[in-house]
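As structure tokens, the structure follows; a few thoughts come after it.
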Amino acid sequence: MVLAYRNQATSRVLAVLTAFSGRNEARGVSEIARQLGMNKNMVHRALTTLAAHGYIARDGSGERYQLGLRLLALGGVASESDIVTLARPTLEQLQALTGESVYLSIIVGRNRVTVDEILALGPRVLRSNRGYPVPLHCTKMSRLLLAHLRDSEIRRYLKAAQPLARRSRFPDPASETADAVWEDIYAIRATPYLLWRNPYLARAAYAIFPIRDEQGRPHAIITVGGPLERFDLPRIEALAPAMRAILEPLEREARLIPAPPFRAEG
Amino acid sequence: MSSSASRALRILEFVAAADEPPGVTAIARALSLSPATVFRALDALSRADLVARYQASSRYVPGPAAERLSRTLIAHFPMREIALPYLRQLASVSGDTTSLHVRIGWYAVRIASVTGDAQVTYAPPLGGAAALGENYAGRAILAFLDAAEWARYDDWAAKHEAPRADERDLRAIRDEGFALGEPQGADGRAAVAFPIRTRDTAAAALTIDTPALHVPPHAGAYALKDWREIVSELESIGQSQPSLFETPFAHLDPDSIVL
């Protein structure tokens with residue numbers, strides 16, 4: 001009997017600890033008591049024990065409790081399962097299917113940044129510019145990321161990014177005024193993915209796919225690009241069903257993870 | 001504090017800190033407890049998923065609930081979410097593994113990391129803490145604290161047998177704007193740490209954890225400029241909104257924190 005009682009006491013303390021799992025904010029005694037069906041006294045005693053070992057700490061207000069620093073040593077938490085790791089197999093399959101260069105780009109601050117790529121052999125369409133920032137309203141690839149942000153986010157971006165006009169290697173009329181950017185955004189939103197041939201860079205064609213979360217906000221874009229003699233629009237269209245089938249598992253997985261917040265002021 | 005719950009918590013700490021997954025006998029010996037007591041505590045910890053058997057053996061490792069709790073704590077740092085895209089950008093520019101370390105008390109704690117794609121990659125675990133004087137990440141933070149804080153750190157370090165603050169080294173880091181790890185390999189490259197400063201203090205460090213920079217910097221100088229731009233973009237967020245770069249432990253007296 002004594003043993004059973006003791007184990008029960010231990011289990012209650014551990015239950016109070018695990019009640020903090022997945023919670024973003026500090027918790028009060030009554031709230032935990034309600035959740036676990038314990039009385040406040042028990043919860044208070046459990047918190048005192050947990051605090052003595054550093055598993056729980058009082059928060060800044062002194063009234064509530066948050067997880068303590070002891071937890072840092074506990075998990076051996078592996079590094080991020082981030083979009084780059086998740087997308088890598090998809091990039092490899094797309095490259096194998098098309099033989100063309102494949103790029104993964106994300107939003108960093110107010111820019112698009114290509115963070116992973118597999119380059120085609122032979123003639124390529126893009127100089128590798130991995131890691132270098134391109135403003136979110138400049139170039140079709142950037143605007144595909146911009147288009148899937150919320151309208152309010154886009155408005156904040158367009159305000160923060162003034163003046164929009166920017167000298168670049170190729171003319172990009174859709175980037176020059178806020179109205180032109182919006183017009184392109186509506187066009188982009190009307191299609192599940194984008195086939196794109198830059199009229200000023202006549203020798204290349206691209207297929208650009210957004211990877212989005214449940215709410216439709218963007219994690220990343222994947223771009224497949226090649227020279228027109230190999231990768232013209234009819235060929236892209238012929239490959240599209242196979243490309244979309246390859247993208248499907250990644251799209252499904254990405255929906256389960258909320259896309260990162262966007263900070264136009266950043 | 002000798003309740004059964006306290007014993008279970010001590011056992012959990014021991015299992016988490018052990019280099020090799022320990023069994024009942026090893027735990028009992030190390031903590032001066034009876035094997036029966038250890039067995040009962042492990043039973044309660046297993047039922048809460050806080051420990052699990054290591055590959056179906058009779059030895060134990062932290063369980064999925066322990067990892068979930070650690071992740072929950074790490075997610076409490078708003079700076080983490082903000083810094084991740086910049087870590088990815090820095091990792092893709094440099095090809096190396098990059099990390100964010102925040103200052104907690106007199107420690108630097110790694111709370112985010114992105115693996116590079118260089119041939120030999122390295123994925124450091126999150127949650128690792130080191131005294132500020134111990135390595136490049138902490139020294140990059142320490143160097144940008146004020147002289148009164150150097151003195152406070154030094155007192156604390158003397159008490160806790162942590163590496164002391166070397167004023168000359170810290171002034172050099174201040175002048176350069178970054179701290180370097182130990183040079184490695186034939187071409188003498190070193191890991192690099194940049195401070196992330198808010199208005200009045202250094203809150204964190206952004207590091208390239210694989211040997212990335214020639215010492216002294218010469219051929220790498222061009223890359224260094226790119227890296228610094230990325231770091232200063234992140235830093236500008238903290239300068240306009242310092243609260244985003246605060247940790248949930250900012251209200252604690254740094255001298256009281258022992259990790």
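Chains: A, B, ... in order of the structure tokens. Residues: from 1 per chain. Ligands: from 1, in order shown.
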
Item to check | Long-range neighbours of Leu45 of chain B as a PyMOL selection string, 8 Å cut-off, only C-alpha atoms, 2 positions minimum in chain | outcome: (chain A and resi 11+14) or (chain B and resi 8+12+41-43+47-51)

Using only C-alpha atoms, find each residue in chain A having at least one atom no more than 8 Å away from chain B; report its shortest atom-to-atom pair and that distance in Å (one decimal), rows by chain then rising number, as a tab-separated table.
residue	atom	partner	partner_atom	distance
A:Arg6	CA	B:Ser4	CA	6.4
A:Asn7	CA	B:Ala44	CA	6.8
A:Ala9	CA	B:Ala5	CA	6.8
A:Thr10	CA	B:Ala5	CA	4.3
A:Ser11	CA	B:Ala44	CA	5.9
A:Val13	CA	B:Ala5	CA	6.5
A:Leu14	CA	B:Ala48	CA	6.7
A:Ala15	CA	B:Ala48	CA	7.1
A:Thr18	CA	B:Ala65	CA	7.1
A:Phe20	CA	B:Leu69	CA	7.2
A:Ser21	CA	B:Leu69	CA	5.0
A:Gly22	CA	B:Thr72	CA	5.2
A:Arg23	CA	B:Thr72	CA	6.7
A:Asn24	CA	B:His76	CA	6.4
A:Glu25	CA	B:His76	CA	8.0
A:Thr49	CA	B:Ser6	CA	6.7
A:Leu50	CA	B:Leu9	CA	7.9
A:His53	CA	B:Leu9	CA	7.2
A:Asp59	CA	B:Pro248	CA	7.5
A:Gly60	CA	B:His251	CA	5.4
A:Leu67	CA	B:Leu73	CA	6.2
A:Gly68	CA	B:Leu73	CA	7.8
A:Leu69	CA	B:Leu259	CA	7.3
A:Arg70	CA	B:Leu259	CA	7.3
A:Leu71	CA	B:Ser70	CA	5.2
A:Leu72	CA	B:Gly127	CA	4.6
A:Ala73	CA	B:Gly127	CA	6.2
A:Leu74	CA	B:Ala16	CA	5.3
A:Gly75	CA	B:Glu67	CA	4.2
A:Gly76	CA	B:Pro125	CA	5.8
A:Val77	CA	B:Leu126	CA	5.2
A:Ala78	CA	B:Pro125	CA	4.9
A:Ser79	CA	B:Ser113	CA	5.6
A:Glu80	CA	B:Val114	CA	6.5
A:Asp82	CA	B:Val114	CA	8.0
A:Ile106	CA	B:Pro85	CA	7.7
A:Ile107	CA	B:Pro85	CA	7.1
A:Val108	CA	B:Pro85	CA	5.2
A:Gly109	CA	B:Glu233	CA	7.8
A:Val113	CA	B:Gln89	CA	6.8
A:Thr114	CA	B:Gln89	CA	7.9
A:Val115	CA	B:Ser92	CA	5.2
A:Asp116	CA	B:Ser92	CA	6.9
A:Arg130	CA	B:Val93	CA	6.4
A:Gly131	CA	B:Val93	CA	4.6
A:Tyr132	CA	B:Val93	CA	7.4
A:Pro260	CA	B:Glu81	CA	7.2
A:Pro261	CA	B:Glu81	CA	7.9
A:Glu265	CA	B:Ile237	CA	7.8
A:Gly266	CA	B:Ile237	CA	5.4

Segment 46-48 of chain A environment, 8 Å, only C-alpha atoms, sequence neighbours closer than 5 positions dropped, as a ChimeraX atom specification: /A:12-13,16-17,56

Could you dump the residues just selected with C-alpha atoms as a compact mmCIF listing (two decimals), in the first residue's frame?
# COMPACT_ATOMS: atom_id res chain seq x y z
CA ARG A 12 1.35 13.34 -10.04
CA VAL A 13 4.56 15.41 -10.03
CA VAL A 16 2.31 18.39 -13.64
CA LEU A 17 5.65 18.62 -15.48
CA ILE A 56 9.98 24.67 -13.52

Query raised in the report: What are the DSSP strand (DSSP E) residues of segment 95-220 of chain A, as a ChimeraX atom specification?
Result: /A:101-108,111-118,133-135,194-196,204-212,218-220

Compile the contact shell of segment 147-154 of chain B as a PyMOL selection string: residues with an atom at most 7 Å away, counting only C-alpha atoms, same-chain residues fewer than 2 positions apart removed.
chain B and resi 106+145+156-158+164-165

Write out as JSON, numbers by chain all residues of segment 83-142 of chain B that backbone DSSP assigns to helix (DSSP H, G or I). {"B": [83, 84, 85, 86, 87, 88, 89, 90, 91, 92, 93, 94, 136, 137, 138, 139, 140, 141, 142]}

A straight line from atom CA of Arg143 of chain A to atom CA of Lys159 of chain A spans 15.4 Å

What's around Pro218 of chain A at 8 Å? Count only C-alpha atoms, leave out sequence neighbours fewer than 6 positions away in its own chain, and write the answer as a ChimeraX atom specification. /A:145,148-149,210-212,259

| message | With only C-alpha atoms as the counted atoms, please give the residues lying no more than 12 Å from Gln184 of chain B, apart from itself and same-chain residues fewer than 2 positions off, as a PyMOL selection string. | response | chain B and resi 180-182+186-191+209-215

Can those selected residues be exported to a file as a PDB file, in the first residue's frame so that it contains C-alpha atoms?
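Output file again_37.pdb follows:
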ATOM      1  CA  LEU B 180      37.032  33.116 -33.825  1.00  0.00           C
ATOM      2  CA  GLY B 181      37.253  29.479 -32.755  1.00  0.00           C
ATOM      3  CA  GLU B 182      40.507  27.546 -32.653  1.00  0.00           C
ATOM      4  CA  ALA B 186      46.379  22.729 -42.741  1.00  0.00           C
ATOM      5  CA  ASP B 187      44.983  26.027 -44.011  1.00  0.00           C
ATOM      6  CA  GLY B 188      44.173  27.244 -40.521  1.00  0.00           C
ATOM      7  CA  ARG B 189      40.480  28.021 -40.822  1.00  0.00           C
ATOM      8  CA  ALA B 190      38.346  28.801 -37.814  1.00  0.00           C
ATOM      9  CA  ALA B 191      34.692  28.894 -36.830  1.00  0.00           C
ATOM     10  CA  ASP B 209      30.299  26.351 -36.645  1.00  0.00           C
ATOM     11  CA  THR B 210      32.568  24.639 -39.121  1.00  0.00           C
ATOM     12  CA  PRO B 211      36.012  26.087 -39.859  1.00  0.00           C
ATOM     13  CA  ALA B 212      34.995  28.757 -42.355  1.00  0.00           C
ATOM     14  CA  LEU B 213      37.376  31.679 -42.097  1.00  0.00           C
ATOM     15  CA  HIS B 214      41.116  31.902 -42.767  1.00  0.00           C
ATOM     16  CA  VAL B 215      43.072  33.176 -39.779  1.00  0.00           C
TER      17      VAL B 215
END

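The coordinates place atom CA of Ala202 of chain B at 5.4 Å from atom CA of Ile141 of chain B.
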
Among B:Gly185, B:Ala179, B:Phe144, B:Arg103, Ala203 of chain B is approached most closely, using only C-alpha atoms, by B:Arg103

Counting only C-alpha atoms, the residue among A:Ala207, A:Ile32, A:Ile83, A:Met42 that lies closest to Pro234 of chain A is A:Ala207

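Nearest residue to Arg197 of chain A among A:Gln93, A:Thr139, A:Asn111, A:Gln35 is A:Thr139, counting only C-alpha atoms.
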
With a distance cut-off of 12 Å and only C-alpha atoms, select the neighbouring residues of Pro171 of chain A, excluding the residue or stretch itself and same-chain residues fewer than 5 positions from it, and output the selection as a PyMOL selection string. chain A and resi 138-140+165-166+176+198-201

Could you save those same residues with N, CA and C atoms as a CSV table (one decimal), in the first residue's frame?
chain,number,residue,atom,x,y,z
A,138,CYS,N,10.7,41.9,-56.9
A,138,CYS,CA,11.5,41.9,-58.1
A,138,CYS,C,11.7,40.5,-58.6
A,139,THR,N,11.4,40.3,-59.8
A,139,THR,CA,11.5,39.0,-60.5
A,139,THR,C,10.2,38.1,-60.2
A,140,LYS,N,9.9,37.3,-61.2
A,140,LYS,CA,8.7,36.5,-61.1
A,140,LYS,C,8.9,35.5,-59.9
A,165,ALA,N,11.1,51.0,-57.7
A,165,ALA,CA,11.9,50.9,-58.9
A,165,ALA,C,13.3,50.6,-58.6
A,166,ARG,N,13.9,49.6,-59.3
A,166,ARG,CA,15.2,49.1,-59.0
A,166,ARG,C,15.9,48.8,-60.3
A,176,GLU,N,7.6,47.6,-61.0
A,176,GLU,CA,8.0,49.0,-60.9
A,176,GLU,C,7.0,49.9,-60.1
A,198,ASN,N,10.8,34.5,-69.4
A,198,ASN,CA,11.1,35.9,-69.4
A,198,ASN,C,11.3,36.5,-70.8
A,199,PRO,N,10.4,37.4,-71.2
A,199,PRO,CA,10.5,37.9,-72.6
A,199,PRO,C,11.8,38.6,-72.9
A,200,TYR,N,12.5,39.0,-71.8
A,200,TYR,CA,13.8,39.7,-72.0
A,200,TYR,C,15.0,38.8,-71.9
A,201,LEU,N,14.7,37.6,-71.6
A,201,LEU,CA,15.8,36.6,-71.5
A,201,LEU,C,15.2,35.4,-72.3

* Of the candidates A:Ser30, A:Gln8, A:Thr85, A:Ser142, which shows the shortest atom-to-atom distance to Thr223 of chain A, using only C-alpha atoms? ->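 Selected residue with least distance to Thr223 of chain A: A:Ser142.
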